[in-house]
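Shown here: data_0.tsv, TSV, C-alpha atoms.
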```tsv
chain	number	residue	atom	x	y	z
A	259	LEU	CA	-135.87	108.76	72.05
A	260	LYS	CA	-138.08	111.82	72.57
A	261	HIS	CA	-135.72	113.44	75.08
A	262	LEU	CA	-132.72	113.23	72.72
A	263	SER	CA	-131.67	116.02	70.39
A	264	PRO	CA	-132.74	115.60	66.73
A	265	GLY	CA	-129.22	114.60	65.61
A	266	THR	CA	-128.78	112.09	68.42
A	267	ALA	CA	-132.22	110.58	67.80
A	268	GLU	CA	-131.40	110.16	64.11
A	269	VAL	CA	-128.07	108.45	64.84
A	270	SER	CA	-129.76	106.23	67.41
A	271	SER	CA	-132.45	105.27	64.90
A	272	ILE	CA	-129.87	104.45	62.20
A	273	LEU	CA	-127.86	102.30	64.62
A	274	GLU	CA	-130.99	100.45	65.74
A	275	GLU	CA	-131.95	99.70	62.11
A	276	ARG	CA	-128.47	98.36	61.34
A	277	ILE	CA	-128.36	96.20	64.45
A	278	LEU	CA	-131.80	94.72	63.75
A	279	GLY	CA	-130.84	94.09	60.13
A	280	ALA	CA	-127.47	92.50	60.92
A	281	ASP	CA	-126.75	89.04	59.55
A	282	THR	CA	-126.45	86.69	62.52
A	283	SER	CA	-125.97	83.51	60.50
A	284	ALA	CA	-122.17	83.68	60.57
A	285	GLU	CA	-120.39	80.42	61.37
A	286	LEU	CA	-117.19	79.91	63.31
A	287	GLU	CA	-114.43	78.40	61.24
A	288	GLU	CA	-111.25	77.12	62.81
A	289	THR	CA	-108.21	75.61	61.16
A	290	GLY	CA	-106.13	72.88	62.77
A	291	ARG	CA	-103.12	70.81	61.81
A	292	VAL	CA	-103.13	67.02	61.57
A	293	LEU	CA	-100.39	65.69	63.85
A	294	SER	CA	-100.83	61.99	63.13
A	295	ILE	CA	-103.19	59.44	61.63
A	296	GLY	CA	-103.62	55.90	62.89
A	297	ASP	CA	-106.37	53.32	63.37
A	298	GLY	CA	-108.86	55.60	61.62
A	299	ILE	CA	-108.23	58.49	64.03
A	300	ALA	CA	-106.58	61.76	63.09
A	301	ARG	CA	-104.95	63.66	65.94
A	302	VAL	CA	-105.54	67.35	65.22
A	303	TYR	CA	-103.89	70.32	66.91
A	304	GLY	CA	-105.43	73.80	66.96
A	305	LEU	CA	-109.17	73.15	67.25
A	306	ARG	CA	-109.56	75.00	70.54
A	307	ASN	CA	-113.32	75.59	70.26
A	308	VAL	CA	-114.43	72.20	68.93
A	309	GLN	CA	-116.98	70.29	70.99
A	310	ALA	CA	-117.49	66.55	71.41
A	311	GLU	CA	-119.33	64.88	68.52
A	312	GLU	CA	-118.99	67.96	66.30
A	313	MET	CA	-118.48	67.43	62.56
A	314	VAL	CA	-115.03	68.39	61.28
A	315	GLU	CA	-114.15	68.79	57.61
A	316	PHE	CA	-110.61	68.21	56.36
A	317	SER	CA	-109.14	70.15	53.44
A	318	SER	CA	-109.65	67.06	51.23
A	319	GLY	CA	-113.40	67.28	51.85
A	320	LEU	CA	-113.40	64.19	54.08
A	321	LYS	CA	-115.52	64.63	57.18
A	322	GLY	CA	-115.05	63.23	60.65
A	323	MET	CA	-116.45	63.59	64.14
A	324	SER	CA	-114.52	65.00	67.07
A	325	LEU	CA	-114.46	62.43	69.84
A	326	ASN	CA	-111.39	62.62	72.08
A	327	LEU	CA	-110.95	66.15	73.39
A	328	GLU	CA	-107.46	66.25	74.88
A	329	PRO	CA	-105.81	69.44	76.21
A	330	ASP	CA	-103.33	69.58	73.31
A	331	ASN	CA	-105.15	67.76	70.47
A	332	VAL	CA	-108.47	66.37	69.30
A	333	GLY	CA	-109.13	62.86	68.04
A	334	VAL	CA	-111.25	62.98	64.88
```
Structure rendered as structure tokens:
Amino acid sequence: LKHLSPGTAEVSSILEERILGADTSAELEETGRVLSIGDGIARVYGLRNVQAEEMVEFSSGLKGMSLNLEPDNVGV
């Protein structure tokens, strides 16, 4: 930073402080739509980023595990 002008060095320092102090604990939240329920499995559309065996929480508070990852829906 020594070769930068005083104003540029100050801006660079402020940006570095903000980046280092950024909150990185954010979680991804996705919302899907239940297409059908049968035999204890809910078919859910819209969970594009869900991974196998990931916990899923329904709006009722009930939790399930994603198991069947199909191209157009997920079995939970």
message = Would you pick out the contacts of stretch 322-326 of chain A at 10 Å or less, using all atoms listed in the file, so that residues sharing its chain but fewer than 2 positions from it are not included, and give the list as a ChimeraX atom specification?
response = /A:298-302,305,308-316,319-320,328-329,331-334
message = Here is a test: counting only C-alpha atoms, which residue of A:Leu273, A:Thr289, A:Arg306, A:Thr266 is nearest to A:Leu327?
response =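 Checking each candidate against A:Leu327, we get A:Arg306 as the closest.
Here atom CA of A:Ser317 and atom CA of A:Arg291 stand 10.3 Å from one another.
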query = atom CA of A:Glu285 and atom CA of A:Val269, how far apart in Å?
reply =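 We find that atom CA of A:Val269 and atom CA of A:Glu285 lie 29.3 Å from each other.
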key: Distance in Å - atom CA of A:Gly265 versus atom CA of A:Gly279   = 21.3 Å
inquiry  = Using all atoms listed in the file, can you tell me which of A:Asp330, A:Glu268, A:Glu274, A:Asp281 comes closest to A:Leu293?
reply    = A:Asp330
